[in-house]
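A.B. asks: After the structure tokens below, expect a handful of questions from me.
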Amino acid sequence: MRVEFTHVGIALGGARIVDDVTLTVPPGQFLGLVGPNGSGKSTLLRGLYRVLRPATGTVRIDGQDVWRLPPRRVAQHIAVMTQETDTGFDLNVLDVVLLGRLPHQGSFGGHTRHDLTLAAGALGRVGADHLSRRTFSGLSGGEKQRVLLARALVQESQVLVLDEPTNHLDIAFQLELMRMVRGLGLTTLAALHDLNLAASHCDAIAVLHRGRIIAGGTPAEVLTPDLLREVFGVHAHLLSHPDTGKPLIAFSPGHEPVSTPAGRAAARPRSDTQP
Amino acid sequence: MSSVPALPDRRSGRVLAGAQAGLIAAALLVLVLSGATGPADVSLTESVQIVTGHLVPGLPWMSDGSLTPLQDQAVWQFRLPRTLLAGLAGAGLALAGTLMQAVVRNPLAEPYILGVSAGAGLGAVSVITLGSAALAGVTLSTAAFAGALAATAAVYLLARLDGVLAPTRMILAGVALGSLLSAVTSYLTLTTEAQNVFSVLFFLLGSVSAAGMDDLAIPAGALAAVTVFALARARALNALLVGDESATALGLNVSRLRAQLMIAAALLTGAIVSVSGGIGFVGLVVPHTARILVGADHRRMLPIAVLGGAVFLMVCDLLARTVAAPAEIPLGIITAIVGAPFFLWLIRRGHAGRAGMDR
């Protein structure tokens, strides 16, 4: 399934967080969205999964505007691993995972055997099958993220959206998650902070800076020392990974930032993690 | 990797069916017990006979003279309607409480959070103190119902900003409007003649003592409609618990769902409060008790909350008319005296975390 952003602008509380973004993710591509805090990564993704309606432009999946499709239909095609991890009341882990079946279920009736099998399979896949009877809020941050990934998996969508999926994960599961997501072969959009993780796993990378896309292409094309200095305000060397040959970024300590990253200098009223 | 979780799901299904059957049996038992309780002497058997005799035509004991007209009247016209109304009110308030807690995602929410009871109270107290004639002849229940809905509509409009119904703004708007309306109610109460004050208090604390069979239709209809409505949205309610963003990503129109649920809860609460007065505590405590017993999944806890609320308030009404007989105690006093200690015990038990209490 192809995802297309066309001249998308999204404003929050009067401030334009995403500005004139045009971006196409071909079917099956794993795209990494990178950029400093407040650059608009999460906001752009929210425009895709119908949380924030773009003020301008369109977001399409296979040519259909997601904001004109019924919400339920969109949820059948797009699964989201959200950052949100709080529940006011405690559902157990299996209940939370089964919520991923919501777009496919009718109003009444129990979970089908298919639903339960999918849930068990997804929990096994994220290494969380031992957690299925635990209450969700009692889990650690990393365990919650595994469960939220399992919920996205049972949604059986063709597009997968990951908003900083590796935040609380240990290094082993970070790599496992990226490998697993790649293996699914879905059209995937992931907002990522770890540039090396993005460089080693994504097919393509788009760099957001002050709400605009300023670079796009393969990791090797995009992640240059000049760009890292300009966008993130850091000095870095680009090496080649000894095993894979993919770009490997070595950040240099001790240097003063060349220039204050513009994304931070412009006073942003909201960070990209706020709704 | 296989269907391992299917087994616990099925087992909990059996536990749930057992709990539901138990609550239905308890409700029937209280109904019969209530029919046999009071100044006119009626045995348990006679209580059963009178109820079944009215429901099934042609039963022999209705015409063979074994039951006196006084017994028949006491059970069918007084005790049964009030117990049934108590059951409907308990079920309805528990259901409304469940919905409101999910809508605002806050365990402190209850059916009256939207100023519903304050609105109903002001409507009813206006009729009591100013007289029906001064208010174009509207009856007490009509005024209470209108007050409840007007207050809800006001809170809805006050809480809605840019098309978004934010939970916290809803709670705060409801509390503030409730205080305002209660102040007016208190003023009317203080300035009215002393003889009216008793009626005011009885309404504000809730009572089903004056219930007749005719009073049951509207609460029963509202309860049935909202129960079906809520069960059809049980999974959507679960999704609301995990946050607006997740719920949206799962294909729900969150603001519309929240508005629908709020309107349903308000109509149900208004339909009940207008006949039974402001019975407190049920809508707060019964949903939490149900969550602690069977978990927060609405597919499991909704039936338990509805049936449990009915049984709880039927028992409370039985106590309300027996502990100080022949005097009647307002229901709101009994629900608090019976419910609060039970609830305080419950929230300290191990399973209380299921209702989100370990935070």
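FYI, nothing fancy with the structure tokens labels: chains A, B, ... in order, residues from 1 per chain, ligands from 1 as they appear.
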Just the alpha helix (DSSP H) stuff from stretch 78-206 of chain B, please, per backbone DSSP, written as a PyMOL selection string.
C.D. replies: chain B and resi 80-103+116-130+140-159+167-191+194-205
A.B. asks: Any idea which chain A residues end up within 9 Å of chain B if we count only C-alpha atoms, as a PyMOL selection string please?
C.D. replies: chain A and resi 46+49-51+70-76+78-82+84-92+94-96+99-103+106-108+110+113-114+116-125+129+132-133+135+137+155+275
A.B. asks: What lies within 10 Å of B:Ser117 using only C-alpha atoms, ignoring chain neighbours under 3 positions off, as an MDAnalysis selection string?
C.D. replies: chainID B and resid 111:114 120:123 144:145 147:149 151:152 178 181:182 204 266 269:270 273:274 277:280
A.B. asks: What gap, in Å, lies between atom CA of B:Leu29 and atom CA of B:Leu344?
C.D. replies: 26.5 Å
A.B. asks: Check the smallest atom-to-atom distance from each of B:Pro60, B:Gly137, B:Pro167, B:Gly309 to B:Met100 using only C-alpha atoms, then report the winner.
C.D. replies: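 For B:Met100, the nearest of the candidates is B:Pro167.
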A.B. asks: Report as JSON, numbers by chain all protein, DNA and RNA residues lying within 12 Å of B:Gly22, evaluated on only C-alpha atoms, omitting residues in the same chain fewer than 4 positions from it.
C.D. replies: {"B": [15, 16, 17, 18, 26, 27, 28, 29, 304, 307, 308, 311]}
A.B. asks: Keeping only all heavy atoms, write the selected residues as a PDB file, in the first residue's frame.
C.D. replies:
```pdb
ATOM      1  N   VAL B  15     -16.951 -18.338  34.563  1.00  0.00           N
ATOM      2  CA  VAL B  15     -17.045 -17.628  35.844  1.00  0.00           C
ATOM      3  C   VAL B  15     -18.051 -16.483  35.727  1.00  0.00           C
ATOM      4  O   VAL B  15     -18.901 -16.270  36.597  1.00  0.00           O
ATOM      5  CB  VAL B  15     -15.659 -17.067  36.258  1.00  0.00           C
ATOM      6  CG1 VAL B  15     -15.780 -16.157  37.463  1.00  0.00           C
ATOM      7  CG2 VAL B  15     -14.696 -18.204  36.530  1.00  0.00           C
ATOM      8  N   LEU B  16     -17.968 -15.793  34.584  1.00  0.00           N
ATOM      9  CA  LEU B  16     -18.837 -14.646  34.349  1.00  0.00           C
ATOM     10  C   LEU B  16     -20.293 -15.072  34.277  1.00  0.00           C
ATOM     11  O   LEU B  16     -21.173 -14.459  34.896  1.00  0.00           O
ATOM     12  CB  LEU B  16     -18.413 -13.987  33.033  1.00  0.00           C
ATOM     13  CG  LEU B  16     -19.038 -12.643  32.728  1.00  0.00           C
ATOM     14  CD1 LEU B  16     -18.584 -11.630  33.750  1.00  0.00           C
ATOM     15  CD2 LEU B  16     -18.639 -12.190  31.345  1.00  0.00           C
ATOM     16  N   ALA B  17     -20.569 -16.155  33.529  1.00  0.00           N
ATOM     17  CA  ALA B  17     -21.941 -16.649  33.413  1.00  0.00           C
ATOM     18  C   ALA B  17     -22.474 -17.024  34.792  1.00  0.00           C
ATOM     19  O   ALA B  17     -23.633 -16.742  35.120  1.00  0.00           O
ATOM     20  CB  ALA B  17     -21.988 -17.840  32.468  1.00  0.00           C
ATOM     21  N   GLY B  18     -21.623 -17.631  35.623  1.00  0.00           N
ATOM     22  CA  GLY B  18     -22.028 -18.007  36.972  1.00  0.00           C
ATOM     23  C   GLY B  18     -22.384 -16.784  37.803  1.00  0.00           C
ATOM     24  O   GLY B  18     -23.400 -16.757  38.506  1.00  0.00           O
ATOM     25  N   ALA B  26     -30.277 -13.638  42.969  1.00  0.00           N
ATOM     26  CA  ALA B  26     -30.332 -12.763  44.147  1.00  0.00           C
ATOM     27  C   ALA B  26     -31.422 -11.713  43.977  1.00  0.00           C
ATOM     28  O   ALA B  26     -32.177 -11.415  44.914  1.00  0.00           O
ATOM     29  CB  ALA B  26     -28.975 -12.092  44.362  1.00  0.00           C
ATOM     30  N   ALA B  27     -31.536 -11.151  42.761  1.00  0.00           N
ATOM     31  CA  ALA B  27     -32.556 -10.132  42.515  1.00  0.00           C
ATOM     32  C   ALA B  27     -33.953 -10.715  42.713  1.00  0.00           C
ATOM     33  O   ALA B  27     -34.810 -10.089  43.359  1.00  0.00           O
ATOM     34  CB  ALA B  27     -32.407  -9.568  41.103  1.00  0.00           C
ATOM     35  N   LEU B  28     -34.182 -11.925  42.184  1.00  0.00           N
ATOM     36  CA  LEU B  28     -35.495 -12.560  42.350  1.00  0.00           C
ATOM     37  C   LEU B  28     -35.782 -12.832  43.824  1.00  0.00           C
ATOM     38  O   LEU B  28     -36.897 -12.626  44.304  1.00  0.00           O
ATOM     39  CB  LEU B  28     -35.556 -13.862  41.537  1.00  0.00           C
ATOM     40  CG  LEU B  28     -35.529 -13.667  40.015  1.00  0.00           C
ATOM     41  CD1 LEU B  28     -35.467 -15.000  39.297  1.00  0.00           C
ATOM     42  CD2 LEU B  28     -36.758 -12.870  39.563  1.00  0.00           C
ATOM     43  N   LEU B  29     -34.756 -13.285  44.536  1.00  0.00           N
ATOM     44  CA  LEU B  29     -34.919 -13.582  45.960  1.00  0.00           C
ATOM     45  C   LEU B  29     -35.295 -12.322  46.737  1.00  0.00           C
ATOM     46  O   LEU B  29     -36.226 -12.335  47.558  1.00  0.00           O
ATOM     47  CB  LEU B  29     -33.609 -14.169  46.502  1.00  0.00           C
ATOM     48  CG  LEU B  29     -33.645 -14.641  47.956  1.00  0.00           C
ATOM     49  CD1 LEU B  29     -34.496 -15.900  48.061  1.00  0.00           C
ATOM     50  CD2 LEU B  29     -32.237 -14.902  48.480  1.00  0.00           C
ATOM     51  N   ILE B 304     -22.242  -7.255  34.847  1.00  0.00           N
ATOM     52  CA  ILE B 304     -22.104  -7.390  36.300  1.00  0.00           C
ATOM     53  C   ILE B 304     -22.480  -6.077  36.988  1.00  0.00           C
ATOM     54  O   ILE B 304     -23.158  -6.065  38.021  1.00  0.00           O
ATOM     55  CB  ILE B 304     -20.653  -7.787  36.672  1.00  0.00           C
ATOM     56  CG1 ILE B 304     -20.295  -9.140  36.059  1.00  0.00           C
ATOM     57  CG2 ILE B 304     -20.456  -7.819  38.182  1.00  0.00           C
ATOM     58  CD1 ILE B 304     -21.099 -10.295  36.595  1.00  0.00           C
ATOM     59  N   LEU B 307     -26.457  -5.687  36.756  1.00  0.00           N
ATOM     60  CA  LEU B 307     -27.166  -6.598  37.661  1.00  0.00           C
ATOM     61  C   LEU B 307     -26.803  -6.307  39.119  1.00  0.00           C
ATOM     62  O   LEU B 307     -27.668  -6.313  40.001  1.00  0.00           O
ATOM     63  CB  LEU B 307     -26.821  -8.053  37.323  1.00  0.00           C
ATOM     64  CG  LEU B 307     -27.344  -8.552  35.969  1.00  0.00           C
ATOM     65  CD1 LEU B 307     -26.745  -9.911  35.637  1.00  0.00           C
ATOM     66  CD2 LEU B 307     -28.866  -8.638  36.007  1.00  0.00           C
ATOM     67  N   GLY B 308     -25.527  -6.035  39.357  1.00  0.00           N
ATOM     68  CA  GLY B 308     -25.077  -5.755  40.716  1.00  0.00           C
ATOM     69  C   GLY B 308     -25.715  -4.480  41.268  1.00  0.00           C
ATOM     70  O   GLY B 308     -26.119  -4.423  42.429  1.00  0.00           O
ATOM     71  N   VAL B 311     -29.329  -5.313  42.291  1.00  0.00           N
ATOM     72  CA  VAL B 311     -29.417  -6.065  43.556  1.00  0.00           C
ATOM     73  C   VAL B 311     -29.069  -5.161  44.734  1.00  0.00           C
ATOM     74  O   VAL B 311     -29.754  -5.148  45.759  1.00  0.00           O
ATOM     75  CB  VAL B 311     -28.491  -7.304  43.525  1.00  0.00           C
ATOM     76  CG1 VAL B 311     -28.431  -7.966  44.894  1.00  0.00           C
ATOM     77  CG2 VAL B 311     -28.960  -8.286  42.464  1.00  0.00           C
TER      78      VAL B 311
END
```
A.B. asks: Using only C-alpha atoms, which residues sit within 12 Å of A:Ser240 once same-chain residues fewer than 4 positions away are excluded, as a PyMOL selection string?
C.D. replies: chain A and resi 196+199-200+219-220+244-250
A.B. asks: Could you write those residues out with N, CA, C and O atoms, as a compact mmCIF listing (two decimals), in the first residue's frame?
C.D. replies:
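The resulting result-v4.txt:
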```txt
# COMPACT_ATOMS: atom_id res chain seq x y z
N ASN A 196 21.61 5.78 14.02
CA ASN A 196 22.27 4.56 13.57
C ASN A 196 21.27 3.44 13.33
O ASN A 196 21.41 2.65 12.39
N ALA A 199 19.78 4.28 10.09
CA ALA A 199 20.72 4.04 8.99
C ALA A 199 20.83 2.55 8.67
O ALA A 199 20.94 2.17 7.51
N SER A 200 20.78 1.72 9.70
CA SER A 200 21.03 0.31 9.46
C SER A 200 19.78 -0.46 9.04
O SER A 200 19.89 -1.55 8.50
N PRO A 219 19.77 5.95 3.30
CA PRO A 219 20.55 6.43 4.45
C PRO A 219 21.91 6.99 4.04
O PRO A 219 22.32 8.05 4.52
N ALA A 220 22.59 6.32 3.11
CA ALA A 220 23.92 6.78 2.71
C ALA A 220 23.86 8.14 2.02
O ALA A 220 24.75 8.98 2.18
N THR A 244 27.94 -4.97 7.73
CA THR A 244 26.91 -4.77 6.72
C THR A 244 27.30 -3.79 5.65
O THR A 244 26.67 -3.75 4.60
N GLY A 245 28.30 -2.98 5.92
CA GLY A 245 28.68 -1.95 4.95
C GLY A 245 27.74 -0.76 4.95
O GLY A 245 27.90 0.17 4.17
N LYS A 246 26.75 -0.78 5.84
CA LYS A 246 25.81 0.34 5.89
C LYS A 246 26.45 1.51 6.65
O LYS A 246 27.41 1.32 7.39
N PRO A 247 25.87 2.72 6.48
CA PRO A 247 26.46 3.87 7.16
C PRO A 247 26.43 3.71 8.68
O PRO A 247 25.46 3.19 9.22
N LEU A 248 27.49 4.13 9.30
CA LEU A 248 27.58 4.08 10.76
C LEU A 248 28.06 5.45 11.22
O LEU A 248 29.09 5.93 10.76
N ILE A 249 27.29 6.07 12.08
CA ILE A 249 27.62 7.44 12.46
C ILE A 249 28.39 7.42 13.77
O ILE A 249 27.94 6.83 14.75
N ALA A 250 29.53 8.05 13.78
CA ALA A 250 30.30 8.19 15.01
C ALA A 250 30.25 9.65 15.42
O ALA A 250 30.79 10.52 14.72
```
A.B. asks: Hey, can you check how far atom CA of A:Val34 sits from atom CA of A:His193?
C.D. replies: 6.3 Å
A.B. asks: Counting only C-alpha atoms, what is within 7 Å of stretch 331-340 of chain B, bar same-chain residues fewer than 5 positions away, as number ranges by chain?
C.D. replies: B: 205-207, 279-282, 316-317, 320
A.B. asks: Please provide the set of residues having any atom within 8 Å of A:Ala204, restricted to only C-alpha atoms, with same-chain residues fewer than 4 positions apart removed, written as a list in words.
C.D. replies: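 Within the cut-off, the hits are Gln29, Phe30, Leu31, Gly32, Gly216, Gly217, Thr218 and Pro219 of chain A.
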A.B. asks: Please write the residues from the selection above to a file, keeping C-alpha atoms, as a short mmCIF file (atom, residue, chain, number, x, y, z; two decimals), in the first residue's frame.
C.D. replies:
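Final output, selection.cif:
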```cif
data_model
loop_
_atom_site.label_atom_id
_atom_site.label_comp_id
_atom_site.auth_asym_id
_atom_site.auth_seq_id
_atom_site.Cartn_x
_atom_site.Cartn_y
_atom_site.Cartn_z
CA GLN A 29 9.17 0.46 1.92
CA PHE A 30 10.50 1.05 5.42
CA LEU A 31 10.84 4.81 5.81
CA GLY A 32 12.58 6.40 8.76
CA GLY A 216 15.25 12.37 1.53
CA GLY A 217 16.77 9.24 0.05
CA THR A 218 18.75 6.22 1.11
CA PRO A 219 20.55 6.43 4.45
#
```
A.B. asks: Between atom CA of B:Tyr187 and atom CA of B:Ala271, what distance in Å does the model show, to one decimal?
C.D. replies: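 Spanning atom CA of B:Tyr187 to atom CA of B:Ala271 is a straight-line distance of 25.2 Å.
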A.B. asks: I need the strand (DSSP E or B) residues of stretch 69-267 of chain A per DSSP on the backbone, written as a ChimeraX atom specification.
C.D. replies: /A:78-81,92,135,159-163,187-191,204-209,212-217,236-240,247-251
A.B. asks: With distances taken over only C-alpha atoms, which residue among B:Arg348, B:Thr322, B:Asp162, B:Val42 lies nearest A:Leu12?
C.D. replies: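 Looking only at the distances to A:Leu12, the closest residue turns out to be B:Asp162.
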A.B. asks: Between A:Val147, A:Leu160, A:Val66, A:Ile205, which residue has the minimum interatomic distance to A:Pro54, considering only C-alpha atoms?
C.D. replies: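 Counting only C-alpha atoms, the residue closest to A:Pro54 is A:Val66.
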